[in-house]
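These notes concern the structure reproduced below.
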Amino acid sequence: MLDGVLLLWAVLTLGAVVFVVWDQATRTPVVGVMKPAWVLVVLYTGPIGLFIYLLACREPIRGTHDEFIAARWKQAVGSLIHCLAGDATGIIVSAAIVYHFGLPNGTDLVIEYLSAFAVGLFVFQAMFMKSMFGGYWPAVRKTFFAETVSMNMVMFGMIPAMAIMMHLVPGGADPWRPEFWGIMSAAATLGGATAYPINSWLVRKGFKHGMMTARAEASSGGMMAGGAGHGGMRHAGAPPEPSWPAVFGVSLGTFAAMLAAVAAASFFVPIRF
């Protein structure tokens, strides 16, 4: 029965990915990095990701994308998608690789965390946002806090889900088996849910951009990035930098939450290093 469920999920996921790619190419003006981010998130979360895309991003009437994404919760979804795409990619790729080395599961989780951080920060944050911050390394420095706390809360959901399900499901850690991809889909979905609140806070405080629109400007004749922020106002330039007390307190809280998730998972599955 599990094989049938996984096959159905794979078919639905493929259809969801094809629809998102088609929709972005023909209708909804999704900007820059959000295009591959949405595709990756829908690839990892299947019909659930498609449902969120339809609810939060796809404009119901052509030319209304700015107004449609102006609600703060949709801005938070945009921030979350941007983070989850990079983090989940790093985790899934590294999990598929480290399986072949036969390392203890705790060591696997550390490598997967570092891989998620590297892909999330150095690719999806810095590389795709360097123009906003005036260069690649300034983008790394100025997005470090937001990426760290957001990724910690993604891992808060993904770590226990991966550790427990891979322990309970035969073949769940083998990337050549469909069970692996089913577990990763469930873990990524849970990680997105647990990371939404911190992304909502980051957008509300102005520390992260949310959803944006790529639209043709009649005055310039080109494509220009715009986005809605608080109450539908556009972000102007790079986000402000948080205070050091906020950086310390929020970072400490998210690391504590992630470690608590690892401790909770250890009651169900031995975690060894």
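To be explicit about the labels: the chains of the structure tokens are called A, B, and onward in the order shown, and within each one the residues are counted from 1, while ligands get numbers from 1 in the order they are shown.
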
Legend entry - Neighbour list for Arg27 of chain A as a VMD selection string, cut-off 12 Å, only C-alpha atoms, skip fewer than 3 positions in-chain: chain A and resid 19 to 24 30 57 to 65 213 to 215

Taking only C-alpha atoms into account, produce a table as a Markdown table in which each residue of segment 81-145 of chain A with an atom at most 8 Å from an atom of segment 155-170 of chain A appears once, together with its shortest atom pair and the distance in Å to one decimal, ordered by chain and rising number.
```
| residue | atom | partner | partner_atom | distance |
| --- | --- | --- | --- | --- |
| A:Asn105 | CA | A:Ala163 | CA | 7.5 |
| A:Leu109 | CA | A:Ile159 | CA | 7.3 |
| A:Tyr113 | CA | A:Met155 | CA | 7.5 |
```

Inset, instruction - Could you check which of A:Trp9, A:Tyr99, A:Phe145, A:Phe133 is closest to Phe248 of chain A, using only C-alpha atoms? - result: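 Ranking A:Trp9, A:Tyr99, A:Phe145, A:Phe133 by distance to Phe248 of chain A, first place goes to A:Phe145.
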
Inset, instruction - Determine, counting only C-alpha atoms, which protein, DNA and RNA residues have an atom within 6 Å of an atom of segment 199-209 of chain A; residues of the same chain fewer than 6 positions away are not included. Present the result as a ChimeraX atom specification. - result: /A:76,80,239-240

Residue subset to file, keeping N, CA and C atoms, as a CSV table (one decimal), in the first residue's frame:
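Once everything was written out, this is result16.csv:
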```csv
chain,number,residue,atom,x,y,z
A,76,ALA,N,5.0,36.8,4.3
A,76,ALA,CA,5.8,35.8,5.1
A,76,ALA,C,5.9,34.5,4.4
A,80,LEU,N,9.4,32.6,3.5
A,80,LEU,CA,9.6,31.2,3.9
A,80,LEU,C,10.0,30.3,2.7
A,239,PRO,N,16.9,45.5,3.5
A,239,PRO,CA,16.2,45.6,4.8
A,239,PRO,C,17.2,46.2,5.8
A,240,PRO,N,16.6,46.7,6.9
A,240,PRO,CA,17.5,47.2,8.0
A,240,PRO,C,18.2,46.1,8.7
```

Legend entry - Backbone DSSP call of strand (DSSP E) for segment 55-247 of chain A, listed as a list in words: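 Here is the list: Met212, Thr213, Ala214, Arg215, Ala216, Met223, Met224, Ala225, Gly226 and Gly227 of chain A.
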
Inset, instruction - List every residue of segment 42-128 of chain A that DSSP, applied to the backbone of this structure, places in helix (DSSP H, G or I), and write the result as number ranges by chain. - result: A: 42-45, 47-56, 65-68, 72-101, 105-128

Spatial neighbours of Val140 of chain A, 8 Å, only C-alpha atoms, chain gap at least 6 places, as a PDB file with C-alpha atoms, in the first residue's frame:
```pdb
ATOM      1  CA  LEU A 121      23.089  31.380   2.696  1.00  0.00           C
ATOM      2  CA  PHE A 122      25.658  31.282  -0.096  1.00  0.00           C
ATOM      3  CA  GLN A 125      20.426  34.412  -0.022  1.00  0.00           C
ATOM      4  CA  ALA A 126      23.729  35.952  -1.118  1.00  0.00           C
TER       5      ALA A 126
END
```

Inset, instruction - Using only C-alpha atoms, determine which residues lie at most 12 Å from Ala118 of chain A, disregarding the query and same-chain residues fewer than 3 positions distant; provide the list as a ChimeraX atom specification. - result: /A:83,86-91,93-94,111-115,121-127,140,144,147-148,151

Inset, instruction - Record the distance separating atom CA of Thr194 of chain A and atom CA of Ser79 of chain A, expressed in Å with one decimal. - result: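 Atom-to-atom, atom CA of Thr194 of chain A and atom CA of Ser79 of chain A are spaced 13.4 Å apart.
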
Inset, instruction - Measuring atom to atom with only C-alpha atoms, identify which of A:Val77, A:Ala16, A:Leu8, A:Leu55 is nearest to Leu40 of chain A. - result: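 Ranking A:Val77, A:Ala16, A:Leu8, A:Leu55 by distance to Leu40 of chain A, first place goes to A:Ala16.
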
Legend entry - Distance query Val39 of chain A at most 7 Å, only C-alpha atoms, self and fewer than 3 positions along chain excluded, as a list in words: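 These residues fall inside the cut-off: Val17, Val20, Val21, Lys35, Pro36, Val42 and Leu43 of chain A.
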
Inset, instruction - Could you give me, as a PyMOL selection string, the residues within 7 Å of Ala188 of chain A, counting only C-alpha atoms and dropping anything in the same chain fewer than 2 positions from it? - result: chain A and resi 44-45+88+158+184-186+190-192

Legend entry - Interatomic distance (Å, one decimal) between atom CA of Ala264 of chain A and atom CA of Leu103 of chain A: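 Interatomic distance here is 21.1 Å.
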